[in-house]
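Reviewing the structure listed below.
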Amino acid sequence: MIFDRKQLNNHTLVSFYKNLLWPRMVEEKMLILLRQGRIGKWFSGIGQEAIAVGSTLAMQTEEYILPMHRNLGVFTTRNIPLSRLMAQWQGKASGFTKGRDRSFHFGTQAYHIIGMISHLGPQLALADGIALADVLSNKQHATLVFTGEGATSEGDFHEALNVAAVWDLPVIFLIENNGYGLSTPLNEQYRCKNLVDRAIGYGMEGRQIDGNNLLEVYHTINEIAEDIRVKPRPVLVECMTFRMRGHEEASGTKYVPQELMDIWALKDPVSNYEQYLLQQGVIEAATVQHIRAEFKQQIEQDVEKVFAEPDIEPDVQTELGDMYKPFNFTTLQPSNNKTEIRYLDAISDALRLAMRKFDKLVLMGQDIAEYGGAFKTTQGFVEEFGRGRVRNTPICESAIVGAAMGLSINGYKAVMEMQFADFATCGFNQIVNNLAKTYYRWDEAVDVVIRMPTGAGTGAGPFHSQSNEAWFTKTPGLKIVYPAFPADAKGLLLAAIEDPNPVLYFEHKYLYRSLSEDVPDDYYIIEIGKAKTIREGEQASIITYGLGVHWAIEYAGKHPEVNVEIIDLRSLQPWDKEAVEVSVKKTGRVLILHEDTLTSGFGGEIAAHLAEHCFTYLDAPIMRCASLDTAIPMNKDLEEQFLAKARLEEVMGMLLKY
């Protein structure tokens with residue numbers, strides 16, 4: 001192994017050595033504790049430390065790094081105290097996630113580190129969003145994100161690199177090629193000769209380096225970072241290394257040929273760099289022993305200090321209270337100036353007013369710039385706000401959801417237009433695992449709104465007409481909004497943008513141009529989670545939302561003899577249990593109406609709640625009216641048969657006759 005110090009002085013070389021040795025010795029202690037049964041699991045990065053340490057040393061302290069679970073050297077080189085890390089690993093209250101997540105599955109704004117989730121690929125897109133925020137703020141920063149060779153097979157890898165290339169984002173995508181994905185060797189993972197060759201396909205520069213050579217890693221990343229800070233663009237770096245331990249300790253390494261282990265043992269990054277310093281006279285053997293002795297003593301002290309900390313005492317209210325970032329809702333009442341506008345125009349008006357209020361709000365979506373979006377919601381926005389803040393995206397929903405979260409991490413707000421709510425499947429993991437769980441895990445707000453054009457009535461068939469809100473209502477951490485009227489659409493969208501939690505904003509396509517009403521001209525917000533009584537009644541309650549509200553109103557208009565009360569939920573997570581209970585207790589009969597399919601639709605949750613809390617007030621069974629348990633057909637007659645509206649008269653008749 002050939003080391004090139006270039007302009008580094010002796011003091012710096014020794015400092016680098018300490019940064020390299022510290023995580024190695026920490027890991028050696030963790031392996032002892034694992035054998036003693038004092039810790040339960042460990043993902044070892046022994047043999048790969050030069051990558052994490054060298055690249056982190058090359059980054060500025062205020063620049064973000066997104067590591068993975070073998071990158072202890074990132075955390076230690078950023079000077080996170082071992083006691084704090086140990087508390088995290090042991091699930092103590094003083095850990096970064098307060099016992100809610102494992103090992104390196106956390107982030108910390110104090111150290112500008114954003115940890116991974118178990119799905120491996122999603123953090124790559126977060127790096128895109130972080131870098132985009134730096135570009136929009138005119139900061140000359142680079143962002144460093146890690147991945148393994150196995151995760152390069154995931155779609156998230158390809159989407160993130162493509163977005164970074166198209167948008168010229170200053171991101172260093174670093175692949176740790178350590179030979180195995182758990183037990184799967186390279187020849188069963190990919191067929192290209194070198195992973196770095198994939199850079200060509202994205203129109204970006206790629207470099208392959210010796211990941212076990214600390215100075216080569218440092219100089220390469222330092223050179224790239226300095227360059228892309230001034231001339232923003234992504235670069236792909238493949239670091240060749242080897243995993244000397246198992247995927248995690250329980251899996252072992254029996255699947256690895258011994259001769260391969262022997263070859264890579266000779267390339268150990270710590271011993272090779274140590275020998276280089278000794279041979280060059282930069283450090284003496286006695287100094288090495290002194291450093292090791294000091295480190296060992298410090299590790300022992302920090303470890304035992306954390307073991308002595310009390311265990312977490314579970315508290316239900318604490319856990320429930322920490323699922324969402326607190327948001328102090330302050331009512332903003334509109335003026336009396338109103339204009340009759342369509343549902344679609346109310347959404348557009350809300351976006352325009354929010355863009356004017358929040359300088360750091362970015363809109364992203366397919367075709368939303370000059371074209372104005374598939375439904376023309378953002379038509380004219382580029383002319384007022386520019387392409388920096390109104391961004392056309394490649395067709396890669398997962399990467400754009402991730403980039404929205406990255407923008408939020410780096411001080412921005414983001415609104416993403418999912419061209420159709422159906423396409424959320426392509427970003428599902430980012431939504432339900434990354435956006436939804438981040439605040440609970442490490443107290444980081446996720447200031448993201450995803451607009452979800454939804455629903456049937458336009459003959460668009462199975463992949464453009466689904467009502468998929470129930471996919472998300474069961475996921476704690478998400479807020480779900482579903483307005484039925486233009487004025488609510490505007491006020492709730494502005495509230496969603498104000499809210500620091502991730503909000504899925506469902507907007508019904510059928511209502512876009514078919515529904516108009518007087519809407520206040522100025523900026524106002526409507527509290528998320530508050531229902532609205534559309535019609536007072538005494539005989540029965542219809543609990544509904546979205547297009548179902550208009551079906552209920554139409555039913556009431558056709559049946560003046562039925563004194564029906566209509567409650568528009570407006571929000572599904574949280575939903576207004578109090579308002580629903582008050583209505584049902586008053587009328588004694590309830591029908592839950594929604595466009596989604598019957599089985600596992602959100603109406604089932606409402607029915608269960610009412611059965612549990614309002615049973616003694618009921619004069620009839622709780623009834624549901626929903627769409628058929630089939631996919632949504634395209635043919636107009638088949639679609640009308642599918643929709644809940646086709647059975648509303650029948651079900652209401654059954655309820656009233658009971």
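Ordering of the structure tokens sets the chain letters (A, B, ...); residue numbers start at 1 within each chain; ligands are numbered from 1 in the order shown.
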Find the nearest atom pair between each residue of range 3-106 of chain A and range 198-214 of chain A for residues within 12 Å, count only C-alpha atoms, give distances in Å to one decimal, sort rows by chain and ascending number, and present the table as a Markdown table.
| residue | atom | partner | partner_atom | distance |
| --- | --- | --- | --- | --- |
| A:Phe3 | CA | A:Asn213 | CA | 7.1 |
| A:Asp4 | CA | A:Asn213 | CA | 9.6 |
| A:Arg5 | CA | A:Leu214 | CA | 10.1 |
| A:Leu13 | CA | A:Leu214 | CA | 10.2 |
| A:Phe16 | CA | A:Leu214 | CA | 8.4 |
| A:Tyr17 | CA | A:Leu214 | CA | 9.0 |
| A:Lys18 | CA | A:Leu214 | CA | 11.9 |
| A:Asn19 | CA | A:Leu214 | CA | 10.4 |
| A:Leu20 | CA | A:Leu214 | CA | 8.2 |
| A:Leu21 | CA | A:Leu214 | CA | 11.4 |
| A:Gly45 | CA | A:Asn212 | CA | 11.7 |
| A:Ile46 | CA | A:Asn212 | CA | 10.7 |
| A:Gly47 | CA | A:Asn212 | CA | 7.3 |
| A:Gln48 | CA | A:Asn212 | CA | 6.4 |
| A:Glu49 | CA | A:Asn212 | CA | 7.5 |
| A:Ala50 | CA | A:Leu214 | CA | 4.7 |
| A:Ile51 | CA | A:Gly211 | CA | 5.4 |
| A:Ala52 | CA | A:Leu214 | CA | 9.2 |
| A:Val53 | CA | A:Leu214 | CA | 7.6 |
| A:Gly54 | CA | A:Leu214 | CA | 5.4 |
| A:Ser55 | CA | A:Leu214 | CA | 8.6 |
| A:Thr56 | CA | A:Leu214 | CA | 10.9 |
| A:Leu57 | CA | A:Leu214 | CA | 10.0 |
| A:Ala58 | CA | A:Leu214 | CA | 10.9 |
| A:Gly73 | CA | A:Leu214 | CA | 11.7 |
Taking N, CA and C atoms for each residue, export the selection above as a PDB file, in the first residue's frame.
ATOM      1  N   PHE A   3       1.370   5.209   0.343  1.00  0.00           N
ATOM      2  CA  PHE A   3       0.756   6.412   0.909  1.00  0.00           C
ATOM      3  C   PHE A   3       1.436   7.653   0.358  1.00  0.00           C
ATOM      4  N   ASP A   4       0.623   8.641   0.009  1.00  0.00           N
ATOM      5  CA  ASP A   4       1.143   9.915  -0.487  1.00  0.00           C
ATOM      6  C   ASP A   4       0.614  11.017   0.427  1.00  0.00           C
ATOM      7  N   ARG A   5       1.526  11.571   1.225  1.00  0.00           N
ATOM      8  CA  ARG A   5       1.104  12.580   2.201  1.00  0.00           C
ATOM      9  C   ARG A   5       0.794  13.930   1.570  1.00  0.00           C
ATOM     10  N   LEU A  13      -0.852  14.177  10.102  1.00  0.00           N
ATOM     11  CA  LEU A  13      -0.776  12.733   9.879  1.00  0.00           C
ATOM     12  C   LEU A  13      -1.058  11.955  11.165  1.00  0.00           C
ATOM     13  N   PHE A  16      -4.729  12.192  11.945  1.00  0.00           N
ATOM     14  CA  PHE A  16      -5.460  11.242  11.116  1.00  0.00           C
ATOM     15  C   PHE A  16      -5.376   9.837  11.719  1.00  0.00           C
ATOM     16  N   TYR A  17      -4.207   9.476  12.218  1.00  0.00           N
ATOM     17  CA  TYR A  17      -4.016   8.159  12.815  1.00  0.00           C
ATOM     18  C   TYR A  17      -4.939   7.965  14.015  1.00  0.00           C
ATOM     19  N   LYS A  18      -5.023   8.963  14.860  1.00  0.00           N
ATOM     20  CA  LYS A  18      -5.898   8.864  16.031  1.00  0.00           C
ATOM     21  C   LYS A  18      -7.359   8.700  15.608  1.00  0.00           C
ATOM     22  N   ASN A  19      -7.758   9.441  14.573  1.00  0.00           N
ATOM     23  CA  ASN A  19      -9.120   9.316  14.073  1.00  0.00           C
ATOM     24  C   ASN A  19      -9.392   7.927  13.504  1.00  0.00           C
ATOM     25  N   LEU A  20      -8.369   7.299  12.934  1.00  0.00           N
ATOM     26  CA  LEU A  20      -8.518   5.965  12.350  1.00  0.00           C
ATOM     27  C   LEU A  20      -8.513   4.878  13.421  1.00  0.00           C
ATOM     28  N   LEU A  21      -7.647   5.033  14.405  1.00  0.00           N
ATOM     29  CA  LEU A  21      -7.496   4.020  15.443  1.00  0.00           C
ATOM     30  C   LEU A  21      -8.691   3.986  16.394  1.00  0.00           C
ATOM     31  N   GLY A  45     -17.509  -2.745  11.073  1.00  0.00           N
ATOM     32  CA  GLY A  45     -16.840  -2.096   9.943  1.00  0.00           C
ATOM     33  C   GLY A  45     -15.337  -2.306   9.981  1.00  0.00           C
ATOM     34  N   ILE A  46     -14.891  -3.277  10.765  1.00  0.00           N
ATOM     35  CA  ILE A  46     -13.452  -3.543  10.855  1.00  0.00           C
ATOM     36  C   ILE A  46     -12.906  -3.890   9.475  1.00  0.00           C
ATOM     37  N   GLY A  47     -11.854  -3.192   9.094  1.00  0.00           N
ATOM     38  CA  GLY A  47     -11.258  -3.360   7.775  1.00  0.00           C
ATOM     39  C   GLY A  47     -11.707  -2.308   6.780  1.00  0.00           C
ATOM     40  N   GLN A  48     -12.726  -1.509   7.149  1.00  0.00           N
ATOM     41  CA  GLN A  48     -13.261  -0.496   6.241  1.00  0.00           C
ATOM     42  C   GLN A  48     -13.140   0.914   6.807  1.00  0.00           C
ATOM     43  N   GLU A  49     -12.438   1.060   7.937  1.00  0.00           N
ATOM     44  CA  GLU A  49     -12.440   2.343   8.643  1.00  0.00           C
ATOM     45  C   GLU A  49     -11.878   3.497   7.827  1.00  0.00           C
ATOM     46  N   ALA A  50     -10.938   3.211   6.935  1.00  0.00           N
ATOM     47  CA  ALA A  50     -10.284   4.294   6.193  1.00  0.00           C
ATOM     48  C   ALA A  50     -11.275   5.074   5.338  1.00  0.00           C
ATOM     49  N   ILE A  51     -12.326   4.412   4.881  1.00  0.00           N
ATOM     50  CA  ILE A  51     -13.309   5.089   4.033  1.00  0.00           C
ATOM     51  C   ILE A  51     -14.086   6.116   4.844  1.00  0.00           C
ATOM     52  N   ALA A  52     -14.657   5.668   5.961  1.00  0.00           N
ATOM     53  CA  ALA A  52     -15.459   6.565   6.788  1.00  0.00           C
ATOM     54  C   ALA A  52     -14.619   7.700   7.347  1.00  0.00           C
ATOM     55  N   VAL A  53     -13.449   7.370   7.860  1.00  0.00           N
ATOM     56  CA  VAL A  53     -12.601   8.383   8.499  1.00  0.00           C
ATOM     57  C   VAL A  53     -12.023   9.340   7.466  1.00  0.00           C
ATOM     58  N   GLY A  54     -11.443   8.800   6.411  1.00  0.00           N
ATOM     59  CA  GLY A  54     -10.803   9.650   5.407  1.00  0.00           C
ATOM     60  C   GLY A  54     -11.763  10.592   4.723  1.00  0.00           C
ATOM     61  N   SER A  55     -12.954  10.097   4.380  1.00  0.00           N
ATOM     62  CA  SER A  55     -13.920  10.953   3.693  1.00  0.00           C
ATOM     63  C   SER A  55     -14.490  12.011   4.631  1.00  0.00           C
ATOM     64  N   THR A  56     -14.711  11.659   5.889  1.00  0.00           N
ATOM     65  CA  THR A  56     -15.242  12.627   6.848  1.00  0.00           C
ATOM     66  C   THR A  56     -14.225  13.728   7.121  1.00  0.00           C
ATOM     67  N   LEU A  57     -12.965  13.369   7.215  1.00  0.00           N
ATOM     68  CA  LEU A  57     -11.917  14.377   7.416  1.00  0.00           C
ATOM     69  C   LEU A  57     -11.875  15.369   6.252  1.00  0.00           C
ATOM     70  N   ALA A  58     -12.275  14.910   5.072  1.00  0.00           N
ATOM     71  CA  ALA A  58     -12.218  15.778   3.889  1.00  0.00           C
ATOM     72  C   ALA A  58     -13.405  16.735   3.807  1.00  0.00           C
ATOM     73  N   GLY A  73     -16.727   5.327  11.890  1.00  0.00           N
ATOM     74  CA  GLY A  73     -15.707   6.362  11.749  1.00  0.00           C
ATOM     75  C   GLY A  73     -16.251   7.724  11.366  1.00  0.00           C
TER      76      GLY A  73
END
Next on the checklist: Residues within 9 Å of range 39-43 of chain A, please, as a VMD selection string. Count only C-alpha atoms; anything in the same chain fewer than 6 positions from it doesn't count.
Outcome noted: chain A and resid 27 30 to 31 33 69 to 70 89 to 90 103 245 to 250
Those residues with all heavy atoms, as a short mmCIF file (atom, residue, chain, number, x, y, z; two decimals), in the first residue's frame please?
data_model
loop_
_atom_site.label_atom_id
_atom_site.label_comp_id
_atom_site.auth_asym_id
_atom_site.auth_seq_id
_atom_site.Cartn_x
_atom_site.Cartn_y
_atom_site.Cartn_z
N GLU A 27 -14.70 -0.66 18.23
CA GLU A 27 -15.30 -1.88 17.69
C GLU A 27 -14.76 -3.12 18.38
O GLU A 27 -15.51 -4.07 18.66
CB GLU A 27 -15.04 -1.97 16.18
CG GLU A 27 -15.93 -1.05 15.36
CD GLU A 27 -16.41 -1.74 14.10
OE1 GLU A 27 -16.87 -2.89 14.19
OE2 GLU A 27 -16.32 -1.12 13.04
N MET A 30 -16.61 -3.51 21.42
CA MET A 30 -17.98 -3.96 21.18
C MET A 30 -18.04 -5.47 20.95
O MET A 30 -18.97 -6.15 21.42
CB MET A 30 -18.58 -3.23 19.97
CG MET A 30 -18.80 -1.73 20.16
SD MET A 30 -19.82 -1.32 21.61
CE MET A 30 -18.56 -0.58 22.67
N LEU A 31 -17.05 -6.01 20.26
CA LEU A 31 -17.02 -7.45 20.01
C LEU A 31 -16.83 -8.23 21.31
O LEU A 31 -17.40 -9.31 21.49
CB LEU A 31 -15.92 -7.79 19.01
CG LEU A 31 -16.11 -7.19 17.61
CD1 LEU A 31 -14.95 -7.59 16.70
CD2 LEU A 31 -17.43 -7.65 17.00
N LEU A 33 -17.84 -7.14 24.28
CA LEU A 33 -19.13 -7.02 24.97
C LEU A 33 -20.17 -7.95 24.37
O LEU A 33 -21.02 -8.50 25.09
CB LEU A 33 -19.62 -5.58 24.92
CG LEU A 33 -18.79 -4.54 25.67
CD1 LEU A 33 -19.32 -3.14 25.39
CD2 LEU A 33 -18.80 -4.82 27.17
N HIS A 69 -24.47 1.61 8.24
CA HIS A 69 -24.28 1.02 9.56
C HIS A 69 -22.87 0.46 9.79
O HIS A 69 -22.62 -0.08 10.87
CB HIS A 69 -25.34 -0.06 9.83
CG HIS A 69 -25.46 -1.12 8.78
ND1 HIS A 69 -26.29 -1.00 7.71
CD2 HIS A 69 -24.87 -2.32 8.66
CE1 HIS A 69 -26.22 -2.07 6.96
NE2 HIS A 69 -25.36 -2.89 7.50
N ARG A 70 -21.96 0.56 8.85
CA ARG A 70 -20.57 0.19 9.13
C ARG A 70 -19.65 1.42 9.18
O ARG A 70 -18.44 1.28 9.09
CB ARG A 70 -20.06 -0.78 8.06
CG ARG A 70 -20.84 -2.05 8.00
CD ARG A 70 -20.23 -3.09 7.08
NE ARG A 70 -21.26 -4.00 6.66
CZ ARG A 70 -21.83 -4.92 7.43
NH1 ARG A 70 -21.44 -5.04 8.67
NH2 ARG A 70 -22.79 -5.69 6.96
N TRP A 89 -26.66 2.83 21.20
CA TRP A 89 -26.60 1.39 20.93
C TRP A 89 -27.30 0.58 22.00
O TRP A 89 -27.84 -0.49 21.72
CB TRP A 89 -25.13 0.94 20.82
CG TRP A 89 -24.36 1.69 19.78
CD1 TRP A 89 -24.85 2.29 18.66
CD2 TRP A 89 -22.96 1.96 19.78
NE1 TRP A 89 -23.84 2.90 17.95
CE2 TRP A 89 -22.67 2.71 18.62
CE3 TRP A 89 -21.91 1.64 20.64
CZ2 TRP A 89 -21.38 3.15 18.30
CZ3 TRP A 89 -20.63 2.06 20.32
CH2 TRP A 89 -20.36 2.81 19.16
N GLN A 90 -27.31 1.09 23.23
CA GLN A 90 -27.91 0.36 24.34
C GLN A 90 -29.38 0.72 24.57
O GLN A 90 -30.02 0.19 25.46
CB GLN A 90 -27.14 0.62 25.63
CG GLN A 90 -25.81 -0.11 25.71
CD GLN A 90 -26.02 -1.62 25.61
OE1 GLN A 90 -25.83 -2.21 24.55
NE2 GLN A 90 -26.42 -2.24 26.69
N SER A 103 -28.62 1.05 16.54
CA SER A 103 -27.28 1.39 16.05
C SER A 103 -27.18 2.78 15.43
O SER A 103 -27.28 3.79 16.12
CB SER A 103 -26.78 0.31 15.09
OG SER A 103 -27.61 0.19 13.96
N ARG A 245 -15.53 -8.99 8.88
CA ARG A 245 -16.44 -9.68 9.80
C ARG A 245 -17.71 -10.06 9.05
O ARG A 245 -17.85 -9.77 7.86
CB ARG A 245 -16.78 -8.77 10.99
CG ARG A 245 -15.62 -8.12 11.68
CD ARG A 245 -14.76 -9.08 12.47
NE ARG A 245 -15.51 -9.82 13.48
CZ ARG A 245 -14.94 -10.65 14.35
NH1 ARG A 245 -13.62 -10.85 14.33
NH2 ARG A 245 -15.67 -11.29 15.24
N GLY A 246 -18.65 -10.68 9.74
CA GLY A 246 -19.90 -11.04 9.10
C GLY A 246 -20.78 -9.84 8.83
O GLY A 246 -20.50 -8.72 9.27
N HIS A 247 -21.86 -10.08 8.09
CA HIS A 247 -22.83 -9.00 7.84
C HIS A 247 -23.22 -8.37 9.17
O HIS A 247 -23.26 -7.16 9.32
CB HIS A 247 -24.06 -9.57 7.14
CG HIS A 247 -25.20 -8.63 7.07
ND1 HIS A 247 -25.20 -7.52 6.25
CD2 HIS A 247 -26.39 -8.60 7.74
CE1 HIS A 247 -26.34 -6.86 6.41
NE2 HIS A 247 -27.07 -7.49 7.31
N GLU A 248 -23.55 -9.21 10.12
CA GLU A 248 -23.54 -8.88 11.54
C GLU A 248 -22.97 -10.10 12.22
O GLU A 248 -22.86 -11.16 11.62
CB GLU A 248 -24.93 -8.47 12.05
CG GLU A 248 -26.07 -9.34 11.59
CD GLU A 248 -26.24 -10.58 12.43
OE1 GLU A 248 -25.89 -10.53 13.62
OE2 GLU A 248 -26.71 -11.59 11.90
N GLU A 249 -22.55 -9.95 13.45
CA GLU A 249 -21.68 -10.96 14.05
C GLU A 249 -22.29 -12.36 14.06
O GLU A 249 -21.58 -13.36 13.95
CB GLU A 249 -21.28 -10.53 15.46
CG GLU A 249 -20.28 -9.38 15.47
CD GLU A 249 -19.04 -9.68 14.66
OE1 GLU A 249 -18.38 -10.70 14.91
OE2 GLU A 249 -18.71 -8.88 13.75
N ALA A 250 -23.61 -12.46 14.17
CA ALA A 250 -24.24 -13.77 14.25
C ALA A 250 -24.10 -14.55 12.94
O ALA A 250 -24.14 -15.79 12.94
CB ALA A 250 -25.71 -13.62 14.62
#
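Near Met364 in chain A, within a cut-off of 7 Å and counting only C-alpha atoms, sit the residues Val390, Arg391, Asn392, Thr393, Val415, Met416 and Glu417 of chain A, with same-chain residues fewer than 3 positions away left out.
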Keeping C-alpha atoms for every residue in the selection just given, could you write it to a file as a compact mmCIF listing (two decimals), in the first residue's frame?
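Result file part32.txt:
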# COMPACT_ATOMS: atom_id res chain seq x y z
CA VAL A 390 -40.78 25.35 -9.30
CA ARG A 391 -38.99 22.22 -10.45
CA ASN A 392 -39.82 19.70 -13.12
CA THR A 393 -38.68 16.28 -11.95
CA VAL A 415 -44.50 20.46 -1.69
CA MET A 416 -44.37 17.54 -4.09
CA GLU A 417 -47.10 16.92 -6.62
Item to check | range 114-347 of chain A: residues DSSP assigns to strand (DSSP E), reported as a VMD selection string | outcome: chain A and resid 114 143 to 148 171 to 177 180 to 181 184 to 185 205 to 210 235 to 240 338 to 342
Item to check | Residue nearest Leu515 in chain A - candidates A:Phe96, A:Phe327, A:Tyr555, A:Tyr343, atoms counted: only C-alpha atoms | outcome: A:Tyr343
